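Asker: PDB, C-alpha atoms, pLDDT in the B column, file run31.pdb:
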MODEL        1
ATOM      1  CA  MET D 271      39.989 -88.482  65.831  1.00 76.00           C
ATOM      2  CA  GLY D 272      39.386 -92.023  64.580  1.00 83.00           C
ATOM      3  CA  ASN D 273      41.092 -93.655  61.652  1.00 91.00           C
ATOM      4  CA  VAL D 274      41.664 -91.450  58.621  1.00 95.00           C
ATOM      5  CA  ARG D 275      42.642 -92.552  55.122  1.00 97.00           C
ATOM      6  CA  VAL D 276      45.238 -90.200  53.626  1.00 98.00           C
ATOM      7  CA  ALA D 277      46.296 -90.231  49.972  1.00 98.00           C
ATOM      8  CA  MET D 278      49.935 -89.166  49.573  1.00 98.00           C
ATOM      9  CA  ALA D 279      50.176 -87.640  46.089  1.00 98.00           C
ATOM     10  CA  GLN D 280      53.916 -87.662  45.339  1.00 98.00           C
ATOM     11  CA  ILE D 281      53.619 -86.039  41.889  1.00 98.00           C
ATOM     12  CA  LEU D 282      56.071 -84.708  39.323  1.00 98.00           C
ATOM     13  CA  VAL D 283      56.347 -80.913  39.568  1.00 98.00           C
ATOM     14  CA  GLU D 284      57.996 -79.021  36.693  1.00 98.00           C
ATOM     15  CA  GLY D 285      59.333 -75.502  37.153  1.00 98.00           C
ATOM     16  CA  GLY D 286      57.117 -72.798  35.676  1.00 98.00           C
ATOM     17  CA  ALA D 287      54.596 -75.251  34.188  1.00 98.00           C
ATOM     18  CA  PRO D 288      51.377 -74.643  36.163  1.00 98.00           C
ATOM     19  CA  ASP D 289      48.945 -76.207  33.696  1.00 98.00           C
ATOM     20  CA  ALA D 290      50.809 -79.525  33.490  1.00 98.00           C
ATOM     21  CA  ASN D 291      51.411 -79.600  37.236  1.00 98.00           C
ATOM     22  CA  LEU D 292      47.783 -78.859  38.073  1.00 98.00           C
ATOM     23  CA  ALA D 293      46.625 -81.541  35.641  1.00 98.00           C
ATOM     24  CA  ARG D 294      48.721 -84.114  37.530  1.00 98.00           C
ATOM     25  CA  ALA D 295      47.354 -82.854  40.840  1.00 98.00           C
ATOM     26  CA  VAL D 296      43.765 -83.100  39.618  1.00 98.00           C
ATOM     27  CA  ALA D 297      44.329 -86.663  38.403  1.00 98.00           C
ATOM     28  CA  ARG D 298      45.571 -87.696  41.841  1.00 98.00           C
ATOM     29  CA  ILE D 299      42.678 -85.926  43.569  1.00 98.00           C
ATOM     30  CA  MET D 300      40.216 -87.839  41.415  1.00 98.00           C
ATOM     31  CA  GLU D 301      42.018 -91.093  42.150  1.00 98.00           C
ATOM     32  CA  ALA D 302      41.957 -90.402  45.890  1.00 98.00           C
ATOM     33  CA  GLY D 303      38.243 -89.741  45.785  1.00 98.00           C
ATOM     34  CA  ALA D 304      37.587 -92.919  43.824  1.00 98.00           C
ATOM     35  CA  GLU D 305      39.545 -94.938  46.406  1.00 97.00           C
ATOM     36  CA  GLY D 306      37.492 -93.571  49.290  1.00 97.00           C
ATOM     37  CA  CYS D 307      40.189 -91.433  50.891  1.00 98.00           C
ATOM     38  CA  ASP D 308      39.257 -88.788  53.453  1.00 98.00           C
ATOM     39  CA  VAL D 309      41.979 -86.377  52.339  1.00 98.00           C
ATOM     40  CA  VAL D 310      44.700 -86.133  49.691  1.00 98.00           C
ATOM     41  CA  VAL D 311      47.970 -84.299  50.443  1.00 99.00           C
ATOM     42  CA  LEU D 312      49.954 -82.742  47.579  1.00 99.00           C
ATOM     43  CA  PRO D 313      53.415 -81.102  47.509  1.00 99.00           C
ATOM     44  CA  GLU D 314      54.633 -77.597  48.263  1.00 98.00           C
ATOM     45  CA  CYS D 315      54.389 -74.927  45.508  1.00 98.00           C
ATOM     46  CA  LEU D 316      52.966 -77.564  43.163  1.00 98.00           C
ATOM     47  CA  ASP D 317      51.962 -74.997  40.549  1.00 98.00           C
ATOM     48  CA  LEU D 318      55.329 -73.360  39.745  1.00 98.00           C
ATOM     49  CA  ALA D 319      57.787 -75.473  41.817  1.00 98.00           C
ATOM     50  CA  TRP D 320      59.573 -74.347  44.954  1.00 98.00           C
ATOM     51  CA  THR D 321      61.903 -71.313  44.419  1.00 98.00           C
ATOM     52  CA  HIS D 322      61.367 -71.325  40.637  1.00 98.00           C
ATOM     53  CA  PRO D 323      62.026 -67.788  39.291  1.00 97.00           C
ATOM     54  CA  SER D 324      58.543 -67.662  37.723  1.00 98.00           C
ATOM     55  CA  ALA D 325      57.146 -67.138  41.232  1.00 98.00           C
ATOM     56  CA  ARG D 326      58.102 -63.457  41.005  1.00 95.00           C
ATOM     57  CA  THR D 327      55.914 -62.840  37.955  1.00 96.00           C
ATOM     58  CA  SER D 328      53.391 -65.691  37.794  1.00 97.00           C
ATOM     59  CA  ALA D 329      52.125 -66.159  41.357  1.00 98.00           C
ATOM     60  CA  ASP D 330      48.328 -66.400  41.510  1.00 98.00           C
ATOM     61  CA  PRO D 331      45.945 -64.874  44.070  1.00 98.00           C
ATOM     62  CA  ILE D 332      44.151 -67.147  46.533  1.00 98.00           C
ATOM     63  CA  PRO D 333      41.280 -67.537  45.895  1.00 98.00           C
ATOM     64  CA  GLY D 334      42.164 -67.489  42.228  1.00 98.00           C
ATOM     65  CA  ALA D 335      42.296 -69.551  39.070  1.00 98.00           C
ATOM     66  CA  ARG D 336      44.737 -72.188  40.349  1.00 98.00           C
ATOM     67  CA  SER D 337      43.135 -72.688  43.723  1.00 98.00           C
ATOM     68  CA  GLY D 338      39.862 -72.834  41.807  1.00 98.00           C
ATOM     69  CA  VAL D 339      41.122 -75.783  39.769  1.00 98.00           C
ATOM     70  CA  LEU D 340      41.944 -77.675  42.958  1.00 98.00           C
ATOM     71  CA  ALA D 341      38.640 -76.678  44.555  1.00 98.00           C
ATOM     72  CA  GLY D 342      36.732 -77.946  41.517  1.00 98.00           C
ATOM     73  CA  ALA D 343      38.568 -81.254  41.662  1.00 98.00           C
ATOM     74  CA  ALA D 344      37.905 -81.591  45.400  1.00 98.00           C
ATOM     75  CA  ARG D 345      34.226 -80.940  44.764  1.00 98.00           C
ATOM     76  CA  GLU D 346      34.002 -83.460  41.928  1.00 98.00           C
ATOM     77  CA  ALA D 347      35.966 -86.133  43.806  1.00 98.00           C
ATOM     78  CA  ARG D 348      34.224 -85.414  47.144  1.00 98.00           C
ATOM     79  CA  VAL D 349      37.493 -85.422  49.057  1.00 98.00           C
ATOM     80  CA  HIS D 350      39.403 -82.969  51.239  1.00 98.00           C
ATOM     81  CA  VAL D 351      42.564 -81.579  49.607  1.00 99.00           C
ATOM     82  CA  VAL D 352      45.737 -80.189  51.193  1.00 99.00           C
ATOM     83  CA  ALA D 353      48.005 -78.562  48.604  1.00 99.00           C
ATOM     84  CA  GLY D 354      50.806 -76.024  48.291  1.00 98.00           C
ATOM     85  CA  LEU D 355      50.552 -73.110  45.840  1.00 98.00           C
ATOM     86  CA  THR D 356      52.536 -69.981  45.019  1.00 98.00           C
ATOM     87  CA  GLU D 357      50.371 -67.110  46.231  1.00 98.00           C
ATOM     88  CA  GLY D 358      50.492 -63.634  44.744  1.00 98.00           C
ATOM     89  CA  ASP D 359      49.050 -60.778  46.789  1.00 93.00           C
ATOM     90  CA  GLY D 360      49.822 -57.496  45.080  1.00 92.00           C
ATOM     91  CA  ASP D 361      53.594 -57.105  45.251  1.00 92.00           C
ATOM     92  CA  HIS D 362      53.895 -59.943  47.772  1.00 96.00           C
ATOM     93  CA  VAL D 363      54.645 -63.595  46.995  1.00 98.00           C
ATOM     94  CA  ARG D 364      54.082 -66.308  49.568  1.00 98.00           C
ATOM     95  CA  ASN D 365      54.611 -70.047  49.792  1.00 98.00           C
ATOM     96  CA  THR D 366      51.108 -71.070  50.837  1.00 98.00           C
ATOM     97  CA  SER D 367      49.215 -74.242  51.721  1.00 98.00           C
ATOM     98  CA  LEU D 368      45.453 -74.747  51.557  1.00 98.00           C
ATOM     99  CA  LEU D 369      42.909 -77.091  53.066  1.00 99.00           C
ATOM    100  CA  ILE D 370      39.932 -77.427  50.709  1.00 99.00           C
ATOM    101  CA  SER D 371      36.666 -79.148  51.639  1.00 98.00           C
ATOM    102  CA  PRO D 372      34.740 -81.652  49.479  1.00 98.00           C
ATOM    103  CA  ALA D 373      32.343 -78.772  48.779  1.00 98.00           C
ATOM    104  CA  GLY D 374      35.236 -76.842  47.217  1.00 98.00           C
ATOM    105  CA  ASP D 375      35.521 -74.321  50.059  1.00 98.00           C
ATOM    106  CA  ILE D 376      38.885 -73.103  51.353  1.00 98.00           C
ATOM    107  CA  LEU D 377      38.775 -74.025  55.035  1.00 98.00           C
ATOM    108  CA  LEU D 378      42.325 -72.997  55.937  1.00 98.00           C
ATOM    109  CA  LYS D 379      45.244 -71.086  54.454  1.00 98.00           C
ATOM    110  CA  HIS D 380      48.789 -71.059  55.837  1.00 98.00           C
ATOM    111  CA  SER D 381      51.853 -69.198  54.556  1.00 98.00           C
ATOM    112  CA  LYS D 382      55.228 -70.795  55.286  1.00 98.00           C
ATOM    113  CA  ILE D 383      57.026 -69.144  58.174  1.00 98.00           C
ATOM    114  CA  ASN D 384      60.423 -70.869  58.308  1.00 98.00           C
ATOM    115  CA  LEU D 385      61.834 -69.864  54.931  1.00 97.00           C
ATOM    116  CA  LEU D 386      65.303 -71.126  54.040  1.00 96.00           C
ATOM    117  CA  ASP D 387      67.748 -68.304  53.365  1.00 95.00           C
ATOM    118  CA  ILE D 388      67.853 -69.212  49.665  1.00 95.00           C
ATOM    119  CA  ALA D 389      64.081 -68.689  49.419  1.00 97.00           C
ATOM    120  CA  ARG D 390      63.840 -65.310  51.116  1.00 96.00           C
ATOM    121  CA  ASP D 391      64.347 -63.347  47.910  1.00 94.00           C
ATOM    122  CA  VAL D 392      61.372 -65.203  46.391  1.00 97.00           C
ATOM    123  CA  TYR D 393      58.815 -65.449  49.216  1.00 98.00           C
ATOM    124  CA  GLU D 394      57.739 -63.420  52.213  1.00 97.00           C
ATOM    125  CA  PRO D 395      57.234 -65.341  55.463  1.00 98.00           C
ATOM    126  CA  GLY D 396      53.841 -66.020  56.936  1.00 97.00           C
ATOM    127  CA  THR D 397      52.836 -64.372  60.189  1.00 97.00           C
ATOM    128  CA  SER D 398      50.110 -66.573  61.663  1.00 97.00           C
ATOM    129  CA  LEU D 399      49.109 -70.105  62.635  1.00 98.00           C
ATOM    130  CA  SER D 400      45.620 -71.606  62.639  1.00 98.00           C
ATOM    131  CA  VAL D 401      43.710 -74.887  62.404  1.00 98.00           C
ATOM    132  CA  ALA D 402      40.415 -75.997  60.889  1.00 98.00           C
ATOM    133  CA  ALA D 403      37.855 -78.632  61.792  1.00 98.00           C
ATOM    134  CA  THR D 404      36.899 -81.415  59.374  1.00 98.00           C
ATOM    135  CA  PRO D 405      34.741 -84.540  59.798  1.00 97.00           C
ATOM    136  CA  PHE D 406      37.917 -86.593  60.413  1.00 96.00           C
ATOM    137  CA  GLY D 407      39.487 -84.206  62.934  1.00 97.00           C
ATOM    138  CA  VAL D 408      41.088 -80.814  63.400  1.00 98.00           C
ATOM    139  CA  VAL D 409      43.851 -80.176  60.850  1.00 98.00           C
ATOM    140  CA  GLY D 410      47.048 -78.125  60.768  1.00 98.00           C
ATOM    141  CA  ILE D 411      48.898 -77.556  57.460  1.00 98.00           C
ATOM    142  CA  PRO D 412      52.458 -76.275  58.100  1.00 98.00           C
ATOM    143  CA  ILE D 413      54.818 -76.422  55.122  1.00 98.00           C
ATOM    144  CA  CYS D 414      58.059 -78.427  54.875  1.00 98.00           C
ATOM    145  CA  ALA D 415      60.764 -76.556  56.876  1.00 98.00           C
ATOM    146  CA  ASP D 416      58.097 -75.311  59.300  1.00 98.00           C
ATOM    147  CA  ASN D 417      58.643 -78.805  60.755  1.00 98.00           C
ATOM    148  CA  PHE D 418      62.442 -78.751  60.980  1.00 97.00           C
ATOM    149  CA  GLY D 419      63.618 -80.130  64.302  1.00 93.00           C
ATOM    150  CA  GLY D 420      64.456 -76.647  65.545  1.00 93.00           C
ATOM    151  CA  CYS D 421      61.055 -75.291  64.515  1.00 94.00           C
ATOM    152  CA  LEU D 422      58.699 -77.825  66.061  1.00 97.00           C
ATOM    153  CA  HIS D 423      57.200 -74.997  68.130  1.00 97.00           C
ATOM    154  CA  TYR D 424      55.023 -74.181  65.098  1.00 98.00           C
ATOM    155  CA  SER D 425      53.376 -77.600  64.986  1.00 98.00           C
ATOM    156  CA  ARG D 426      53.338 -77.784  68.765  1.00 98.00           C
ATOM    157  CA  ALA D 427      51.340 -74.546  68.705  1.00 98.00           C
ATOM    158  CA  LEU D 428      48.945 -76.049  66.152  1.00 98.00           C
ATOM    159  CA  ILE D 429      48.523 -79.108  68.364  1.00 98.00           C
ATOM    160  CA  GLY D 430      47.905 -76.762  71.293  1.00 98.00           C
ATOM    161  CA  MET D 431      45.141 -75.171  69.198  1.00 98.00           C
ATOM    162  CA  GLY D 432      43.533 -78.590  68.916  1.00 98.00           C
ATOM    163  CA  ALA D 433      45.082 -80.163  65.807  1.00 98.00           C
ATOM    164  CA  ASP D 434      44.430 -83.905  65.636  1.00 98.00           C
ATOM    165  CA  ILE D 435      46.646 -84.387  62.573  1.00 98.00           C
ATOM    166  CA  ILE D 436      49.442 -82.455  60.823  1.00 98.00           C
ATOM    167  CA  LEU D 437      49.373 -82.573  57.012  1.00 98.00           C
ATOM    168  CA  SER D 438      52.388 -80.905  55.402  1.00 98.00           C
ATOM    169  CA  PRO D 439      53.088 -80.101  51.725  1.00 99.00           C
ATOM    170  CA  CYS D 440      56.851 -80.410  51.112  1.00 98.00           C
ATOM    171  CA  ALA D 441      59.605 -80.230  48.486  1.00 98.00           C
ATOM    172  CA  TRP D 442      62.555 -82.384  49.560  1.00 98.00           C
ATOM    173  CA  ALA D 443      65.593 -81.800  47.339  1.00 98.00           C
ATOM    174  CA  VAL D 444      69.136 -83.154  47.156  1.00 98.00           C
ATOM    175  CA  PRO D 445      72.194 -82.202  45.060  1.00 97.00           C
ATOM    176  CA  PRO D 446      72.963 -84.173  41.862  1.00 93.00           C
ATOM    177  CA  SER D 447      75.808 -86.030  43.589  1.00 94.00           C
ATOM    178  CA  PHE D 448      73.556 -87.405  46.341  1.00 96.00           C
ATOM    179  CA  ASP D 449      73.704 -91.188  46.776  1.00 96.00           C
ATOM    180  CA  ASP D 450      70.666 -92.574  48.569  1.00 95.00           C
ATOM    181  CA  ASP D 451      72.260 -96.003  48.951  1.00 94.00           C
ATOM    182  CA  GLU D 452      75.234 -94.507  50.776  1.00 95.00           C
ATOM    183  CA  THR D 453      73.306 -91.935  52.839  1.00 94.00           C
ATOM    184  CA  PRO D 454      69.587 -92.766  52.883  1.00 94.00           C
ATOM    185  CA  TYR D 455      67.428 -89.648  52.795  1.00 95.00           C
ATOM    186  CA  GLY D 456      64.858 -88.841  55.463  1.00 94.00           C
ATOM    187  CA  GLY D 457      66.493 -88.978  58.888  1.00 95.00           C
ATOM    188  CA  LEU D 458      65.717 -85.329  59.606  1.00 95.00           C
ATOM    189  CA  TRP D 459      62.012 -85.913  58.997  1.00 98.00           C
ATOM    190  CA  LEU D 460      61.878 -89.235  60.810  1.00 97.00           C
ATOM    191  CA  ASP D 461      63.310 -87.504  63.880  1.00 97.00           C
ATOM    192  CA  ALA D 462      61.093 -84.416  63.680  1.00 98.00           C
ATOM    193  CA  TYR D 463      57.827 -86.162  62.813  1.00 98.00           C
ATOM    194  CA  GLY D 464      58.514 -88.966  65.274  1.00 98.00           C
ATOM    195  CA  THR D 465      59.133 -86.475  68.077  1.00 97.00           C
ATOM    196  CA  LEU D 466      55.845 -84.683  67.407  1.00 97.00           C
ATOM    197  CA  ALA D 467      53.843 -87.894  67.179  1.00 98.00           C
ATOM    198  CA  ARG D 468      55.312 -89.563  70.248  1.00 97.00           C
ATOM    199  CA  GLU D 469      54.958 -86.561  72.547  1.00 97.00           C
ATOM    200  CA  SER D 470      51.412 -85.652  71.455  1.00 97.00           C
ATOM    201  CA  GLY D 471      49.787 -88.726  69.912  1.00 97.00           C
ATOM    202  CA  VAL D 472      49.198 -86.704  66.736  1.00 98.00           C
ATOM    203  CA  PRO D 473      50.046 -88.284  63.359  1.00 98.00           C
ATOM    204  CA  VAL D 474      52.171 -86.317  60.883  1.00 98.00           C
ATOM    205  CA  VAL D 475      52.184 -86.644  57.085  1.00 98.00           C
ATOM    206  CA  GLY D 476      54.635 -84.872  54.752  1.00 98.00           C
ATOM    207  CA  VAL D 477      54.308 -85.193  50.974  1.00 98.00           C
ATOM    208  CA  SER D 478      57.119 -84.154  48.621  1.00 98.00           C
ATOM    209  CA  ASN D 479      57.188 -83.883  44.857  1.00 98.00           C
ATOM    210  CA  VAL D 480      59.640 -85.475  42.445  1.00 98.00           C
ATOM    211  CA  GLY D 481      61.492 -83.972  39.474  1.00 98.00           C
ATOM    212  CA  ARG D 482      64.589 -81.952  38.641  1.00 97.00           C
ATOM    213  CA  MET D 483      64.640 -78.331  39.793  1.00 97.00           C
ATOM    214  CA  THR D 484      65.254 -75.834  36.990  1.00 96.00           C
ATOM    215  CA  GLY D 485      66.247 -72.225  37.566  1.00 95.00           C
ATOM    216  CA  GLY D 486      66.526 -70.654  40.980  1.00 94.00           C
ATOM    217  CA  PRO D 487      69.218 -71.127  43.632  1.00 95.00           C
ATOM    218  CA  TRP D 488      69.103 -74.949  43.544  1.00 96.00           C
ATOM    219  CA  ASP D 489      69.057 -75.366  39.765  1.00 97.00           C
ATOM    220  CA  GLY D 490      69.984 -78.968  38.943  1.00 97.00           C
ATOM    221  CA  HIS D 491      68.979 -80.379  42.333  1.00 98.00           C
ATOM    222  CA  ASP D 492      66.474 -83.221  42.358  1.00 97.00           C
ATOM    223  CA  CYS D 493      63.273 -83.368  44.365  1.00 98.00           C
ATOM    224  CA  ILE D 494      63.183 -86.987  45.401  1.00 97.00           C
ATOM    225  CA  GLY D 495      59.889 -87.891  47.047  1.00 98.00           C
ATOM    226  CA  ARG D 496      60.408 -90.073  50.144  1.00 98.00           C
ATOM    227  CA  SER D 497      57.046 -88.745  51.377  1.00 98.00           C
ATOM    228  CA  LEU D 498      56.488 -89.834  54.955  1.00 98.00           C
ATOM    229  CA  ALA D 499      53.581 -90.677  57.257  1.00 98.00           C
ATOM    230  CA  ILE D 500      54.150 -91.195  60.976  1.00 98.00           C
ATOM    231  CA  GLY D 501      51.316 -92.680  63.028  1.00 97.00           C
ATOM    232  CA  ARG D 502      50.121 -91.362  66.371  1.00 95.00           C
ATOM    233  CA  ASP D 503      52.353 -93.984  68.031  1.00 95.00           C
ATOM    234  CA  GLY D 504      55.467 -92.468  66.443  1.00 96.00           C
ATOM    235  CA  GLU D 505      55.977 -95.415  64.096  1.00 97.00           C
ATOM    236  CA  VAL D 506      56.344 -95.175  60.292  1.00 98.00           C
ATOM    237  CA  ALA D 507      53.005 -95.791  58.600  1.00 97.00           C
ATOM    238  CA  ALA D 508      54.242 -95.087  55.046  1.00 98.00           C
ATOM    239  CA  HIS D 509      57.547 -94.044  53.476  1.00 97.00           C
ATOM    240  CA  LEU D 510      57.327 -93.561  49.727  1.00 97.00           C
ATOM    241  CA  PRO D 511      60.147 -94.333  47.265  1.00 96.00           C
ATOM    242  CA  PHE D 512      63.221 -92.227  46.557  1.00 96.00           C
TER     243      PHE D 512
ENDMDL
END
Would you kindly transcribe this structure into structure tokens?
Answerer:
Amino acid sequence: MGNVRVAMAQILVEGGAPDANLARAVARIMEAGAEGCDVVVLPECLDLAWTHPSARTSADPIPGARSGVLAGAAREARVHVVAGLTEGDGDHVRNTSLLISPAGDILLKHSKINLLDIARDVYEPGTSLSVAATPFGVVGIPICADNFGGCLHYSRALIGMGADIILSPCAWAVPPSFDDDETPYGGLWLDAYGTLARESGVPVVGVSNVGRMTGGPWDGHDCIGRSLAIGRDGEVAAHLPF
């Protein structure tokens, strides 16, 4: 893999507001295409918001209307898209990420495996890992806690399958009392992403949303951005604002 230009789309995600959230995602996809990016990475569950109660009744099939919106934007902008959606499959709901080609084709789908305990009554865990080839390299798309320090075996497996880059939709949340000046957020991810990059020479990018969580087990928590890119040398390439 040579150099790759990644757009980190740290968007506002509102609970249970898929139309507004998708409109923001589409705007960032179009911007990424206009700026000549190879790929744009969007947050986890960007349609309904992570663990929002609407997931139980409003999850959408993949392929479906919401993935179709993202595919249409990818096609118009001529850019690859990595995005997290809430997937409905009959009675099953999954926290799913997609890799979409500039032709609007779904190249890769991954369902989050390492679900936090608070999310297990909303989503079912994924059961597989895979990668997909693109013109800029082979891509793996694990989701957020799939890259916790104790779960790096998932991304290590993806790298063993040939992944040249890890692109991860995320939703990084803190309680209302959190003080970023006193305890700066992100150490967990700096350690985990840095470990992966240094041992394998594979860059890692995680993109979180922003906005207050409403409903669900973490009602009132704030998703705070701090999206992070670690280069293949293990050094910070980008760390977006809190």
Asker: Once you count only C-alpha atoms, what closest atom pair and distance in Å to one decimal does each residue of region 366-449 of chain D within 7 Å of region 459-475 of chain D have, with rows by chain and rising residue number, as a Markdown table?
Answerer:
| residue | atom | partner | partner_atom | distance |
| --- | --- | --- | --- | --- |
| D:Asn417 | CA | D:Ala462 | CA | 6.8 |
| D:Phe418 | CA | D:Ala462 | CA | 6.4 |
| D:Gly419 | CA | D:Ala462 | CA | 5.0 |
| D:Asp434 | CA | D:Val472 | CA | 5.6 |
| D:Ile435 | CA | D:Pro473 | CA | 5.2 |
| D:Ile436 | CA | D:Val474 | CA | 4.7 |
| D:Leu437 | CA | D:Val475 | CA | 4.9 |
| D:Ser438 | CA | D:Val475 | CA | 6.0 |
Asker: Taking the file as shown, find all residues satisfying the PyMOL selection byres ((chain D and resi 349-365) around 6) and write them as a PyMOL selection string.
Answerer: chain D and resi 303+308-317+329-331+344+347-348+366-372+381-382+393-394+439
Asker: Could you tell me how far CA of Ala433 (chain D) sits from CA of Ala402 (chain D), in Å to one decimal place?
Answerer: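 Between CA of Ala402 (chain D) and CA of Ala433 (chain D) the gap is 8.0 Å.
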Asker: Using all atoms listed in the file, determine which residues lie at most 6 Å from Leu282 (chain D), disregarding the query and same-chain residues fewer than 5 positions distant; provide the list as a VMD selection string.
Answerer: chain D and resid 479 to 481
Asker: If you measure from CA of Gly490 (chain D) to CA of Phe512 (chain D), what distance in Å do you get, rounded to one decimal?
Answerer: 16.7 Å
Asker: In file coordinates, which residues lie within 12 Å of (72.8, -80.3, 46.1) using all atoms listed in the file, given as a list in words?
Answerer: Trp442, Ala443, Val444, Pro445, Pro446, Ser447, Phe448, Asp449, Arg482, Met483, Pro487, Trp488, Asp489, Gly490, His491, Asp492, Cys493 and Ile494 of chain D
Asker: For the PyMOL selection byres ((chain D and resi 319) around 7), applied here, can you spell out every residue it catches as a PDB file with C-alpha atoms, in the coordinates of the input?
Answerer:
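Below is the file selection20.pdb, written as the result:
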ATOM      1  CA  VAL D 283      56.347 -80.913  39.568  1.00 98.00           C
ATOM      2  CA  GLU D 284      57.996 -79.021  36.693  1.00 98.00           C
ATOM      3  CA  GLY D 285      59.333 -75.502  37.153  1.00 98.00           C
ATOM      4  CA  GLY D 286      57.117 -72.798  35.676  1.00 98.00           C
ATOM      5  CA  CYS D 315      54.389 -74.927  45.508  1.00 98.00           C
ATOM      6  CA  LEU D 316      52.966 -77.564  43.163  1.00 98.00           C
ATOM      7  CA  ASP D 317      51.962 -74.997  40.549  1.00 98.00           C
ATOM      8  CA  LEU D 318      55.329 -73.360  39.745  1.00 98.00           C
ATOM      9  CA  TRP D 320      59.573 -74.347  44.954  1.00 98.00           C
ATOM     10  CA  THR D 321      61.903 -71.313  44.419  1.00 98.00           C
ATOM     11  CA  HIS D 322      61.367 -71.325  40.637  1.00 98.00           C
TER      12      HIS D 322
END
Asker: Measure the distance from CA of Thr397 (chain D) to CA of Tyr424 (chain D) in Å and round it to one decimal.
Answerer: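 Between CA of Thr397 (chain D) and CA of Tyr424 (chain D) the gap works out to 11.2 Å.
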Asker: Go through D:Gly407, D:Gly338, D:Gly306, D:Gly501 one by one, measure the shortest atom-to-atom distance of each to Gly432 (chain D) using only C-alpha atoms, and give the residue with the smallest value.
Answerer: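 So, comparing all the options, the nearest one is D:Gly407.
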Asker: For Arg298 (chain D), list every protein, DNA or RNA residue within 10 Å, evaluated using all atoms listed in the file, and leave out those in the same chain fewer than 2 positions away; present the list as a count of residues only.
Answerer: 20
Asker: Which residue is closest to Asn273 (chain D)? Choose from D:Gly457, D:Gly396, D:Pro405, D:Gly420 and count all atoms listed in the file.
Answerer: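 That would be D:Pro405, the residue with the smallest distance to Asn273 (chain D).
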Asker: For Val392 (chain D), which of D:Gly374, D:Met431, D:Arg426, D:Ala325 is the closest residue, counting only C-alpha atoms?
Answerer: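 Checking each of D:Gly374, D:Met431, D:Arg426, D:Ala325 against Val392 (chain D), counting only C-alpha atoms, the winner is D:Ala325.
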Asker: Any chance you could export region 407-418 of chain D with N, CA, C and O atoms, as a PDB file, in the first residue's frame?
Answerer:
ATOM      1  N   GLY D 407      -5.385  -0.517  -1.311  1.00  0.00           N
ATOM      2  CA  GLY D 407      -4.934  -1.555  -0.403  1.00  0.00           C
ATOM      3  C   GLY D 407      -6.077  -2.428   0.089  1.00  0.00           C
ATOM      4  O   GLY D 407      -7.251  -2.174  -0.195  1.00  0.00           O
ATOM      5  N   VAL D 408      -5.714  -3.451   0.830  1.00  0.00           N
ATOM      6  CA  VAL D 408      -6.705  -4.352   1.421  1.00  0.00           C
ATOM      7  C   VAL D 408      -7.172  -3.750   2.749  1.00  0.00           C
ATOM      8  O   VAL D 408      -6.362  -3.276   3.555  1.00  0.00           O
ATOM      9  N   VAL D 409      -8.486  -3.775   2.977  1.00  0.00           N
ATOM     10  CA  VAL D 409      -9.106  -3.032   4.073  1.00  0.00           C
ATOM     11  C   VAL D 409      -9.812  -3.976   5.039  1.00  0.00           C
ATOM     12  O   VAL D 409     -10.501  -4.913   4.620  1.00  0.00           O
ATOM     13  N   GLY D 410      -9.664  -3.698   6.340  1.00  0.00           N
ATOM     14  CA  GLY D 410     -10.472  -4.316   7.378  1.00  0.00           C
ATOM     15  C   GLY D 410     -11.276  -3.245   8.086  1.00  0.00           C
ATOM     16  O   GLY D 410     -10.799  -2.120   8.255  1.00  0.00           O
ATOM     17  N   ILE D 411     -12.527  -3.569   8.506  1.00  0.00           N
ATOM     18  CA  ILE D 411     -13.416  -2.543   9.075  1.00  0.00           C
ATOM     19  C   ILE D 411     -14.026  -2.989  10.415  1.00  0.00           C
ATOM     20  O   ILE D 411     -15.245  -2.995  10.584  1.00  0.00           O
ATOM     21  N   PRO D 412     -13.202  -3.347  11.408  1.00  0.00           N
ATOM     22  CA  PRO D 412     -13.738  -3.650  12.735  1.00  0.00           C
ATOM     23  C   PRO D 412     -14.368  -2.401  13.344  1.00  0.00           C
ATOM     24  O   PRO D 412     -14.085  -1.281  12.923  1.00  0.00           O
ATOM     25  N   ILE D 413     -15.216  -2.594  14.338  1.00  0.00           N
ATOM     26  CA  ILE D 413     -15.979  -1.486  14.915  1.00  0.00           C
ATOM     27  C   ILE D 413     -15.556  -1.245  16.359  1.00  0.00           C
ATOM     28  O   ILE D 413     -15.584  -2.152  17.195  1.00  0.00           O
ATOM     29  N   CYS D 414     -15.137  -0.044  16.666  1.00  0.00           N
ATOM     30  CA  CYS D 414     -14.932   0.489  18.012  1.00  0.00           C
ATOM     31  C   CYS D 414     -14.315  -0.547  18.960  1.00  0.00           C
ATOM     32  O   CYS D 414     -13.141  -0.858  18.850  1.00  0.00           O
ATOM     33  N   ALA D 415     -15.094  -1.110  19.900  1.00  0.00           N
ATOM     34  CA  ALA D 415     -14.559  -1.995  20.929  1.00  0.00           C
ATOM     35  C   ALA D 415     -13.966  -3.283  20.387  1.00  0.00           C
ATOM     36  O   ALA D 415     -13.296  -4.012  21.124  1.00  0.00           O
ATOM     37  N   ASP D 416     -14.164  -3.585  19.097  1.00  0.00           N
ATOM     38  CA  ASP D 416     -13.436  -4.692  18.479  1.00  0.00           C
ATOM     39  C   ASP D 416     -11.930  -4.455  18.560  1.00  0.00           C
ATOM     40  O   ASP D 416     -11.146  -5.401  18.395  1.00  0.00           O
ATOM     41  N   ASN D 417     -11.535  -3.185  18.785  1.00  0.00           N
ATOM     42  CA  ASN D 417     -10.116  -2.841  18.894  1.00  0.00           C
ATOM     43  C   ASN D 417      -9.689  -2.489  20.315  1.00  0.00           C
ATOM     44  O   ASN D 417      -8.631  -1.879  20.504  1.00  0.00           O
ATOM     45  N   PHE D 418     -10.478  -2.853  21.329  1.00  0.00           N
ATOM     46  CA  PHE D 418      -9.994  -2.716  22.695  1.00  0.00           C
ATOM     47  C   PHE D 418      -8.667  -3.468  22.842  1.00  0.00           C
ATOM     48  O   PHE D 418      -8.427  -4.464  22.148  1.00  0.00           O
TER      49      PHE D 418
END
